[in-house]
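**Q** So here's run.txt, just compact mmCIF, C-alpha atoms:
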# COMPACT_ATOMS: atom_id res chain seq x y z
CA MET A 61 20.98 -50.79 14.21
CA GLN A 62 17.71 -51.00 12.33
CA ALA A 63 15.92 -51.64 15.63
CA ILE A 64 17.50 -48.54 17.17
CA MET A 65 16.36 -46.42 14.23
CA LEU A 66 12.86 -47.91 14.49
CA GLY A 67 12.90 -47.06 18.20
CA LEU A 68 13.35 -43.39 17.33
CA THR A 69 10.28 -43.41 15.10
CA ALA A 70 8.25 -44.46 18.13
CA VAL A 71 8.48 -40.84 19.34
CA PRO A 72 5.29 -39.04 18.26
CA GLY A 73 5.97 -36.78 15.30
CA VAL A 74 9.12 -38.54 14.10
CA MET A 75 8.91 -39.52 10.43
CA GLY A 76 12.14 -41.44 10.17
CA ALA A 77 15.72 -41.74 11.35
CA MET A 78 18.92 -42.59 9.58
CA LEU A 79 22.40 -43.68 10.65
CA SER A 80 25.18 -42.94 8.17
CA ASP A 81 28.94 -43.30 8.25
CA GLU A 82 31.72 -40.85 7.46
CA ARG A 83 31.89 -42.09 3.88
CA GLY A 84 28.32 -41.11 3.15
CA ASN A 85 26.93 -44.66 3.32
CA VAL A 86 23.55 -45.27 4.97
CA LEU A 87 24.08 -47.94 7.63
CA ALA A 88 20.48 -48.22 8.84
CA HIS A 89 17.27 -46.26 8.55
CA SER A 90 13.62 -46.30 9.49
CA PHE A 91 12.24 -43.96 6.83
CA PRO A 92 9.02 -44.85 5.03
CA PRO A 93 9.35 -46.07 1.41
CA TYR A 94 8.53 -42.56 0.16
CA PHE A 95 12.17 -41.70 0.92
CA ASP A 96 14.05 -43.96 -1.48
CA ALA A 97 17.63 -45.15 -1.13
CA GLY A 98 18.92 -42.42 -3.46
CA THR A 99 17.39 -39.67 -1.33
CA LEU A 100 18.89 -41.06 1.86
CA LYS A 101 22.25 -41.64 0.23
CA GLY A 102 22.27 -38.05 -1.06
CA ALA A 103 21.42 -36.76 2.42
CA ALA A 104 24.16 -38.91 3.97
CA GLU A 105 26.70 -37.50 1.52
CA LEU A 106 25.59 -33.95 2.31
CA LEU A 107 26.06 -34.61 6.02
CA ASN A 108 29.45 -36.10 5.41
CA ASP A 109 30.57 -33.23 3.19
CA ASN A 110 29.22 -30.26 5.14
CA THR A 111 29.06 -30.86 8.87
CA VAL A 112 32.77 -30.21 9.37
CA GLY A 113 32.35 -26.72 7.88
CA LEU A 114 31.17 -25.20 11.15
CA LEU A 115 33.81 -26.84 13.29
CA ASP A 116 35.93 -23.71 13.69
CA ILE A 117 33.25 -21.23 14.64
CA THR A 118 31.46 -23.53 17.09
CA GLY A 119 34.50 -25.31 18.51
CA GLY A 120 32.92 -28.65 17.57
CA VAL A 121 29.34 -29.30 16.58
CA LYS A 122 27.26 -31.26 19.06
CA LEU A 123 23.91 -31.08 17.29
CA PHE A 124 22.12 -29.44 14.38
CA ASP A 125 18.46 -28.51 14.76
CA ILE A 126 17.13 -27.23 11.43
CA ARG A 127 13.52 -26.13 10.99
CA PHE A 128 11.72 -26.12 7.68
CA GLU A 129 8.27 -25.23 6.49
CA LEU A 130 7.09 -28.85 6.61
CA GLY A 131 9.48 -30.54 8.99
CA ARG A 132 12.34 -30.37 11.41
CA LEU A 133 15.66 -32.12 11.02
CA ILE A 134 17.86 -33.07 13.97
CA ILE A 135 21.38 -34.14 13.09
CA LYS A 136 23.69 -35.57 15.72
CA PRO A 137 27.32 -36.04 14.69
CA LEU A 138 28.94 -39.06 16.39
CA PRO A 139 32.52 -40.31 16.04
CA HIS A 140 32.66 -41.58 12.43
CA MET A 141 28.86 -41.51 12.12
CA PHE A 142 25.81 -39.27 11.90
CA VAL A 143 22.27 -39.78 13.16
CA ALA A 144 19.66 -37.75 11.28
CA VAL A 145 16.08 -37.63 12.53
CA LEU A 146 13.34 -36.11 10.40
CA CYS A 147 10.24 -35.05 12.29
CA GLN A 148 7.13 -32.96 11.99
CA PRO A 149 7.39 -29.28 13.05
CA THR A 150 5.20 -30.00 16.06
CA VAL A 151 7.40 -32.72 17.55
CA ASN A 152 8.10 -32.67 21.28
CA VAL A 153 11.80 -32.02 20.88
CA GLN A 154 12.68 -32.64 24.53
CA LEU A 155 11.15 -36.10 24.33
CA LEU A 156 13.01 -36.66 21.09
CA PHE A 157 16.32 -35.63 22.69
CA ILE A 158 15.80 -38.17 25.48
CA SER A 159 15.10 -40.94 22.94
CA LEU A 160 18.04 -39.77 20.83
CA ASN A 161 20.41 -39.97 23.80
CA VAL A 162 19.21 -43.51 24.54
CA ALA A 163 19.70 -44.46 20.88
CA ILE A 164 23.20 -42.96 20.83
CA LYS A 165 24.20 -44.94 23.92
CA LYS A 166 23.00 -48.12 22.20
CA ILE A 167 24.88 -47.27 19.00
CA GLU A 168 28.06 -46.54 20.95
CA LYS A 169 27.73 -49.84 22.78
CA LEU A 170 27.15 -51.76 19.56
CA SER A 171 29.96 -50.05 17.70
CA ALA A 172 32.34 -50.74 20.57
CA GLU A 173 31.46 -54.43 20.37
CA ALA A 174 31.69 -54.67 16.57
CA PRO A 175 33.16 -51.78 14.54
CA LEU A 176 30.46 -50.44 12.27
CA VAL A 177 32.40 -48.42 9.79
CA GLN A 178 35.07 -50.94 9.04
CA PRO A 179 34.15 -54.61 8.84
CA VAL A 180 36.58 -56.93 10.62
CA ARG A 181 39.58 -57.38 8.39
CA GLN A 182 40.74 -60.89 7.64
CA ALA A 183 44.26 -61.52 8.80
CA ALA A 184 44.98 -63.53 5.67
CA PRO A 185 48.65 -63.32 4.84
CA GLN A 186 48.27 -64.05 1.12
CA VAL A 187 48.20 -61.23 -1.42
CA GLN A 188 44.63 -60.51 -2.40
CA THR A 189 43.62 -59.56 -5.90
CA PRO A 190 43.22 -55.83 -6.44
CA PRO A 191 39.76 -54.35 -7.08
CA PRO A 192 38.85 -53.87 -10.74
CA VAL A 193 39.75 -50.40 -11.96
CA ALA A 194 37.88 -50.63 -15.26
CA ALA A 195 34.78 -49.01 -13.77
CA ALA A 196 36.80 -45.97 -12.76
CA THR A 197 38.33 -45.44 -16.17
CA THR A 198 35.03 -45.78 -18.01
CA GLY A 199 33.41 -43.23 -15.71
CA ALA A 200 30.85 -45.75 -14.46
CA ALA A 201 32.00 -45.48 -10.88
CA PRO A 202 29.69 -46.84 -8.21
CA PRO A 203 27.74 -44.18 -6.31
CA SER A 204 28.72 -45.68 -2.96
CA SER A 205 32.14 -46.81 -1.97
CA ASP A 206 32.63 -50.45 -1.10
CA TYR A 207 36.37 -50.17 -1.38
CA ARG A 208 38.35 -52.16 1.15
CA ALA A 209 42.10 -52.15 1.28
CA VAL A 210 43.98 -54.91 -0.47
CA ASN A 211 47.05 -55.80 1.52
CA ASP A 212 49.94 -58.13 1.86
CA LYS A 213 51.49 -58.66 5.27
CA LYS A 214 53.55 -55.49 5.23
CA GLY A 215 51.27 -52.83 3.84
CA VAL A 216 48.40 -51.75 1.66
CA LEU A 217 48.62 -52.43 -2.08
CA LEU A 218 47.59 -49.58 -4.35
CA THR A 219 47.48 -49.10 -8.10
CA CYS A 220 49.72 -46.39 -9.53
CA GLU A 221 48.55 -43.50 -11.58
CA THR A 222 50.89 -40.78 -12.79
CA MET A 223 49.90 -37.15 -12.35
CA LYS A 224 49.10 -35.58 -15.70
CA GLN A 225 51.43 -32.71 -16.53
CA THR A 226 49.42 -29.55 -17.03
CA ALA A 227 50.17 -25.89 -16.52
CA GLY A 228 48.76 -26.20 -12.99
CA THR A 229 50.82 -29.27 -12.05
CA TYR A 230 54.02 -28.41 -13.91
CA TRP A 231 56.07 -27.57 -10.80
CA ASP A 232 54.40 -30.19 -8.63
CA SER A 233 55.36 -32.90 -11.10
CA MET A 234 59.02 -32.20 -10.33
CA THR A 235 58.64 -32.90 -6.62
CA ASP A 236 58.49 -36.34 -5.04
CA SER A 237 54.99 -36.53 -3.63
CA ALA A 238 51.82 -38.57 -3.91
CA SER A 239 48.06 -38.20 -3.48
CA VAL A 240 45.33 -40.56 -2.39
CA ASN A 241 41.62 -39.98 -1.99
CA ARG A 242 39.91 -39.88 1.39
CA ASN A 243 38.61 -43.45 1.31
CA THR A 244 42.01 -44.82 0.45
CA ALA A 245 43.66 -42.71 3.16
CA LEU A 246 41.15 -44.04 5.70
CA GLU A 247 41.82 -47.62 4.66
CA VAL A 248 45.58 -47.11 4.94
CA SER A 249 45.37 -45.47 8.36
CA ASP A 250 42.95 -48.17 9.54
CA PHE A 251 45.31 -50.89 8.37
CA PHE A 252 48.20 -49.44 10.36
CA LYS A 253 45.93 -48.13 13.13
CA THR A 254 47.76 -44.81 13.24
CA GLY A 255 45.12 -42.21 12.50
CA PRO A 256 45.92 -39.32 10.15
CA PHE A 257 49.27 -39.42 8.38
CA LYS A 258 51.30 -37.02 6.26
CA LYS A 259 53.91 -39.31 4.74
CA LEU A 260 54.00 -42.79 3.27
CA THR A 261 56.74 -45.16 2.25
CA ILE A 262 55.97 -46.34 -1.26
CA THR A 263 57.62 -49.51 -2.53
CA ASN A 264 57.66 -50.81 -6.08
CA LEU A 265 56.81 -54.48 -5.67
CA ALA A 266 58.64 -55.48 -8.85
CA THR A 267 61.98 -53.78 -8.20
CA GLY A 268 61.91 -53.31 -4.46
CA LYS A 269 62.73 -49.60 -4.81
CA SER A 270 61.09 -47.48 -2.13
CA LYS A 271 60.80 -43.85 -1.13
CA HIS A 272 59.35 -42.00 1.86
CA VAL A 273 57.26 -39.12 0.51
CA PRO A 274 54.68 -36.54 1.64
CA VAL A 275 51.07 -37.41 0.78
CA ALA A 276 48.15 -35.13 -0.03
CA VAL A 277 44.58 -36.29 0.50
CA ILE A 278 42.02 -35.62 -2.24
CA GLN A 279 38.96 -34.52 -0.27
CA ARG A 280 36.40 -34.43 -3.06
CA ASP A 281 36.20 -37.65 -5.01
CA ARG A 282 32.47 -38.25 -4.99
CA ASP A 283 32.59 -40.73 -7.84
CA HIS A 284 35.27 -42.75 -6.04
CA LEU A 285 37.46 -42.67 -9.12
CA TYR A 286 40.63 -42.96 -7.06
CA ASP A 287 39.62 -45.66 -4.57
CA GLY A 288 42.57 -48.02 -4.22
CA LYS A 289 44.82 -45.79 -6.30
CA ILE A 290 47.80 -43.61 -5.56
CA ILE A 291 48.68 -40.71 -7.81
CA LEU A 292 52.42 -40.20 -8.12
CA THR A 293 54.19 -37.19 -9.55
CA GLN A 294 56.24 -37.84 -12.69
CA SER A 295 59.44 -37.37 -10.74
CA LEU A 296 58.43 -39.98 -8.16
CA SER A 297 57.28 -42.41 -10.87
CA GLU A 298 60.75 -42.17 -12.38
CA VAL A 299 62.49 -42.63 -9.03
CA LEU A 300 60.45 -45.75 -8.25
CA HIS A 301 60.52 -47.03 -11.84
CA VAL A 302 56.77 -47.52 -11.91
CA LYS A 303 54.30 -46.86 -14.68
CA GLU A 304 50.52 -46.48 -14.72
CA GLY A 305 48.67 -49.56 -13.50
CA ASP A 306 51.63 -51.00 -11.56
CA GLN A 307 51.06 -52.06 -8.00
CA VAL A 308 52.95 -50.50 -5.12
CA ARG A 309 52.92 -51.19 -1.42
CA VAL A 310 52.38 -48.24 0.89
CA GLU A 311 53.38 -48.23 4.53
CA ILE A 312 53.12 -45.71 7.32
CA VAL A 313 56.40 -45.51 9.16
CA SER A 314 55.43 -44.80 12.75
CA GLY A 315 58.76 -45.55 14.43
CA GLY A 316 62.04 -43.65 14.44
CA GLY A 317 63.17 -40.38 15.93
CA PHE A 318 63.90 -39.59 19.54
CA PHE A 319 60.24 -39.54 20.57
CA GLY A 320 59.16 -42.24 18.13
CA TRP A 321 56.89 -40.01 16.11
CA GLU A 322 59.06 -39.06 13.15
CA GLY A 323 57.69 -40.17 9.84
CA ILE A 324 54.02 -40.13 10.80
CA MET B 228 26.97 -1.85 15.77
CA SER B 229 23.81 -2.66 13.84
CA ASP B 230 20.32 -2.13 15.23
CA ILE B 231 19.73 -5.82 15.55
CA SER B 232 22.93 -6.23 17.61
CA LYS B 233 21.78 -3.47 19.94
CA LYS B 234 18.40 -5.09 20.29
CA LEU B 235 19.82 -8.52 21.05
CA SER B 236 22.53 -7.18 23.37
CA VAL B 237 19.99 -7.29 26.21
CA ILE B 238 20.56 -11.04 26.23
CA PRO B 239 23.88 -11.47 28.08
CA GLU B 240 24.77 -14.75 26.34
CA VAL B 241 24.64 -13.19 22.88
CA GLU B 242 28.14 -12.47 21.57
CA GLN B 243 27.33 -11.15 18.13
CA ALA B 244 24.34 -10.70 15.88
CA LEU B 245 24.09 -9.56 12.31
CA VAL B 246 21.70 -9.27 9.44
CA MET B 247 22.86 -10.34 6.02
CA THR B 248 21.32 -10.62 2.61
CA LYS B 249 20.62 -14.05 1.19
CA ASP B 250 23.84 -13.88 -0.79
CA GLY B 251 25.90 -13.24 2.33
CA ALA B 252 26.43 -9.45 2.27
CA VAL B 253 26.45 -8.25 5.89
CA VAL B 254 24.26 -5.22 6.57
CA ASP B 255 25.59 -2.31 8.70
CA ASP B 256 28.74 -4.03 9.89
CA SER B 257 32.02 -4.19 8.01
CA SER B 258 34.18 -5.72 10.75
CA TYR B 259 36.18 -8.88 10.23
CA GLN B 260 34.22 -10.64 12.98
CA ALA B 261 30.97 -9.84 11.20
CA GLU B 262 32.33 -11.07 7.91
CA LEU B 263 33.43 -14.32 9.54
CA LEU B 264 30.11 -14.92 11.26
CA GLY B 265 28.28 -13.99 8.05
CA ALA B 266 30.30 -16.50 6.07
CA ASN B 267 29.52 -19.26 8.55
CA GLY B 268 25.87 -18.24 8.60
CA LEU B 269 25.71 -18.39 4.83
CA PHE B 270 27.38 -21.81 4.86
CA LEU B 271 24.75 -23.03 7.33
CA ALA B 272 21.96 -21.55 5.21
CA LEU B 273 23.24 -23.26 2.07
CA PHE B 274 23.70 -26.60 3.83
CA SER B 275 20.24 -26.34 5.38
CA GLY B 276 18.69 -25.49 2.02
CA GLN B 277 20.39 -28.44 0.35
CA ILE B 278 19.43 -30.99 2.97
CA GLY B 279 15.90 -29.61 3.13
CA SER B 280 15.40 -29.96 -0.60
CA GLN B 281 16.94 -33.45 -0.46
CA PHE B 282 14.17 -34.53 1.93
CA GLY B 283 11.54 -32.32 0.28
CA ILE B 284 10.39 -30.65 3.48
CA GLY B 285 9.83 -27.15 2.22
CA GLU B 286 11.59 -23.87 2.74
CA PHE B 287 14.26 -23.30 5.34
CA LYS B 288 13.03 -21.41 8.42
CA SER B 289 15.72 -21.49 11.06
CA ALA B 290 18.70 -23.46 12.25
CA THR B 291 20.44 -23.93 15.55
CA VAL B 292 23.90 -25.39 15.89
CA HIS B 293 24.81 -26.59 19.37
CA GLY B 294 28.56 -26.09 19.64
CA SER B 295 31.16 -26.83 22.28
CA GLU B 296 32.42 -23.25 22.54
CA HIS B 297 29.78 -21.22 20.71
CA HIS B 298 26.22 -21.81 19.58
CA LEU B 299 25.07 -20.53 16.23
CA PHE B 300 21.53 -19.44 15.38
CA LEU B 301 20.24 -18.64 11.93
CA PHE B 302 16.79 -17.22 11.23
CA ASP B 303 15.31 -16.74 7.81
CA SER B 304 13.14 -13.85 6.64
CA LYS B 305 11.86 -12.80 3.25
CA ARG B 306 15.06 -11.12 2.06
CA HIS B 307 17.56 -11.51 4.87
CA HIS B 308 19.11 -13.94 7.30
CA LEU B 309 19.68 -13.11 10.94
CA CYS B 310 22.76 -14.81 12.30
CA VAL B 311 23.48 -14.90 16.04
CA SER B 312 26.48 -16.30 17.88
CA THR B 313 26.25 -17.03 21.60
CA ILE B 314 28.49 -18.47 24.29
CA GLY B 315 28.66 -22.25 24.34
CA ASN B 316 27.70 -22.98 27.93
CA ALA B 317 24.22 -21.44 27.64
CA ASN B 318 21.06 -23.49 27.20
CA VAL B 319 20.27 -23.49 23.50
CA ASN B 320 16.53 -23.91 23.77
CA SER B 321 16.05 -21.12 26.29
CA LEU B 322 18.31 -18.85 24.22
CA ASP B 323 16.32 -19.63 21.10
CA ALA B 324 13.12 -18.69 22.89
CA GLU B 325 14.70 -15.54 24.32
CA ILE B 326 15.97 -14.36 20.92
CA ARG B 327 12.53 -14.91 19.39
CA ARG B 328 10.92 -13.02 22.28
CA VAL B 329 13.26 -10.03 21.86
CA LEU B 330 12.76 -9.97 18.10
CA ALA B 331 8.98 -10.05 18.50
CA GLN B 332 9.06 -6.91 20.65
CA LYS B 333 8.22 -3.73 18.77
Spit out the file's structure as structure tokens when you get a sec.

**A**
Amino acid sequence: MQAIMLGLTAVPGVMGAMLSDERGNVLAHSFPPYFDAGTLKGAAELLNDNTVGLLDITGGVKLFDIRFELGRLIIKPLPHMFVAVLCQPTVNVQLLFISLNVAIKKIEKLSAEAPLVQPVRQAAPQVQTPPPVAAATTGAAPPSSDYRAVNDKKGVLLTCETMKQTAGTYWDSMTDSASVNRNTALEVSDFFKTGPFKKLTITNLATGKSKHVPVAVIQRDRDHLYDGKIILTQSLSEVLHVKEGDQVRVEIVSGGGFFGWEGI
Amino acid sequence: MSDISKKLSVIPEVEQALVMTKDGAVVDDSSYQAELLGANGLFLALFSGQIGSQFGIGEFKSATVHGSEHHLFLFDSKRHHLCVSTIGNANVNSLDAEIRRVLAQK
């Protein structure tokens, strides 16, 4: 990947190129040291957070070409990734587009051979230890997410947190529903290879009690406070007999129904 | 229809054009379509400003979004933004040049 990014800087006028994933992590870059890791990480998060905003009006963004006083930024959204190329205002953009298309073909080929965004998951049947949650509670959350799903054979293991009862969540707390953040939702859907989901079956590992409930996805969790966690309403916590910090197994039920899609 | 829309209507691929203030208030057009395009233009301007300051490459000048169904153009001036929506099967670079040519005409 690094070589592909370096290849883009061979185009006259290109200052650097960056490949980032849909979680805002920088996968490879060829920027000079003037652009530190924090700058690139911030840019990757901006791309991740904002590029979907123009989806409706454009019918799907193929490319951004943004001109500034001192430079020009080309952003190419790819499936699960972004390529951002920073160049001088005088760059030969047609030449850059040719090089960019070559680079994209190489990235697609590489990502088809070995998935970039998700490292290959070990098929270990044993229960793995959950990630430490202390960092989240102390507010010292890592700036980048390295969360990977902890699983047993049947599903993904998540740590419970009960929704705090406030004026805004008073009625919600009486319904049986749950919330996970985007990273956790991605890990769960990747584990079951189903894509987006709206419902999960949550099982209390201690008592075996389970319930199939609708799930909301928390879109903005920049500090990754809820990686590996599931937030249950008070009603659901009581139904499942779980308390804060307990582990539950979540599963996506993809079978059932006449057409086999009920429960997704 | 605003003056700028009339001016740019000579380009057949242009669907809509509007001028808005930097805080997103559309000038001379109160239609829903204008409000929608203005909102998207403002979103693009804010995103461009943020990513530009992240890289430290100076003030935002213009942005082009190549879309599947519609292309979006945003041009910056001292106090206003010009936002243009065009059909998606047109060549973006030639449209960009054409819009600049029309705007340069007195």

**Q** Excluding segment 234-244 of chain A and any residue of its chain fewer than 3 positions from it, enumerate the residues within 10 Å of it, using all atoms listed in the file, and give them as an MDAnalysis selection string.

**A** chainID A and resid 82:83 205:209 216 218 220:223 225 229:231 247:250 259:260 262 271:282 284:299

**Q** Of the residues B:Glu240, B:Asp230, B:Leu322, B:Ser289, which is the one nearest to Val254 of chain B, using all atoms listed in the file?

**A**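 Among the listed residues, the smallest separation from Val254 of chain B belongs to B:Asp230.
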
**Q** Neighbours of segment 264-278 of chain B within 7 Å (all atoms listed in the file; same-chain residues fewer than 5 positions away dropped), as a PyMOL selection string?

**A** (chain A and resi 103+106+110+114+126) or (chain B and resi 247+251+253+287+301+310)

**Q** Write out, as a PDB file, in the coordinates of the input, the residues just selected, with C-alpha atoms.

**A**
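Output contents, as saved in selection.pdb:
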ATOM      1  CA  ALA A 103      21.420 -36.760   2.420  1.00  0.00           C
ATOM      2  CA  LEU A 106      25.590 -33.950   2.310  1.00  0.00           C
ATOM      3  CA  ASN A 110      29.220 -30.260   5.140  1.00  0.00           C
ATOM      4  CA  LEU A 114      31.170 -25.200  11.150  1.00  0.00           C
ATOM      5  CA  ILE A 126      17.130 -27.230  11.430  1.00  0.00           C
TER       6      ILE A 126
ATOM      7  CA  MET B 247      22.860 -10.340   6.020  1.00  0.00           C
ATOM      8  CA  GLY B 251      25.900 -13.240   2.330  1.00  0.00           C
ATOM      9  CA  VAL B 253      26.450  -8.250   5.890  1.00  0.00           C
ATOM     10  CA  PHE B 287      14.260 -23.300   5.340  1.00  0.00           C
ATOM     11  CA  LEU B 301      20.240 -18.640  11.930  1.00  0.00           C
ATOM     12  CA  CYS B 310      22.760 -14.810  12.300  1.00  0.00           C
TER      13      CYS B 310
END

**Q** Distance table requested - chain B against chain A, cut-off 6 Å, only C-alpha atoms: one row per qualifying residue with the closest atom pair and its distance in Å to one decimal, ordered by chain and rising residue number, as JSON lines.

**A**
{"residue": "B:Ile284", "atom": "CA", "partner": "A:Leu130", "partner_atom": "CA", "distance": 4.9}
{"residue": "B:Gly285", "atom": "CA", "partner": "A:Glu129", "partner_atom": "CA", "distance": 4.9}
{"residue": "B:Glu286", "atom": "CA", "partner": "A:Glu129", "partner_atom": "CA", "distance": 5.2}
{"residue": "B:Phe287", "atom": "CA", "partner": "A:Phe128", "partner_atom": "CA", "distance": 4.5}
{"residue": "B:Lys288", "atom": "CA", "partner": "A:Phe128", "partner_atom": "CA", "distance": 4.9}
{"residue": "B:Ser289", "atom": "CA", "partner": "A:Arg127", "partner_atom": "CA", "distance": 5.1}
{"residue": "B:Ala290", "atom": "CA", "partner": "A:Ile126", "partner_atom": "CA", "distance": 4.2}
{"residue": "B:Thr291", "atom": "CA", "partner": "A:Asp125", "partner_atom": "CA", "distance": 5.1}
{"residue": "B:Val292", "atom": "CA", "partner": "A:Phe124", "partner_atom": "CA", "distance": 4.7}
{"residue": "B:His293", "atom": "CA", "partner": "A:Leu123", "partner_atom": "CA", "distance": 5.0}
{"residue": "B:Gly294", "atom": "CA", "partner": "A:Val121", "partner_atom": "CA", "distance": 4.5}
{"residue": "B:Ser295", "atom": "CA", "partner": "A:Gly119", "partner_atom": "CA", "distance": 5.3}
{"residue": "B:Glu296", "atom": "CA", "partner": "A:Gly119", "partner_atom": "CA", "distance": 5.0}
{"residue": "B:His297", "atom": "CA", "partner": "A:Thr118", "partner_atom": "CA", "distance": 4.6}

**Q** What does the structure give for the distance between atom CA of Ser304 of chain B and atom CA of Leu330 of chain B, in Å to one decimal?

**A**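 Value for the atom CA of Ser304 of chain B-atom CA of Leu330 of chain B distance: 12.1 Å.
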
**Q** What is the atom CA of Ser312 of chain B-atom CA of Ile158 of chain A distance in Å, reported with one decimal?

**A**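 Separation of atom CA of Ser312 of chain B and atom CA of Ile158 of chain A: 25.5 Å.
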
**Q** Pick out the closest residue to Asp250 of chain B from this set: B:Arg306, B:Ser280, B:Asn320, B:Glu325. Count only C-alpha atoms.

**A**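 Result for the nearest residue to Asp250 of chain B: B:Arg306.
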
**Q** Suppose you want the space between atom CA of Ile164 of chain A and atom CA of Gly315 of chain B; what is it in Å?

**A** 21.7 Å

**Q** Excluding Met61 of chain A and residues on its chain fewer than 3 positions from it, collect all residues at most 9 Å away from it, counting all atoms listed in the file, and give them as a tab-separated table (two decimals) with C-alpha atoms, in the frame of the given file.

**A**
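For reference, result-v6.tsv as written:
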chain	number	residue	atom	x	y	z
A	64	ILE	CA	17.50	-48.54	17.17
A	65	MET	CA	16.36	-46.42	14.23
A	66	LEU	CA	12.86	-47.91	14.49
A	79	LEU	CA	22.40	-43.68	10.65
A	87	LEU	CA	24.08	-47.94	7.63
A	88	ALA	CA	20.48	-48.22	8.84
A	89	HIS	CA	17.27	-46.26	8.55
A	166	LYS	CA	23.00	-48.12	22.20
A	167	ILE	CA	24.88	-47.27	19.00
A	170	LEU	CA	27.15	-51.76	19.56

**Q** Looking at only C-alpha atoms, which of A:Ser90, A:Pro137, A:Leu68, A:Gln307 is the one that sits closest to Asn211 of chain A?

**A**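 Closest residue, counting only C-alpha atoms: A:Gln307.
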
**Q** For Gln260 of chain B, which of B:Val311, B:Gln332, B:Lys305, B:Asp323 is the closest residue, counting all atoms listed in the file?

**A**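 Checking each of B:Val311, B:Gln332, B:Lys305, B:Asp323 against Gln260 of chain B, counting all atoms listed in the file, the winner is B:Val311.
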
**Q** Kindly indicate which residue among B:Arg328, B:His298, B:Lys249, B:Lys233 lies nearest to Thr313 of chain B, using all atoms listed in the file for the distances.

**A** B:His298
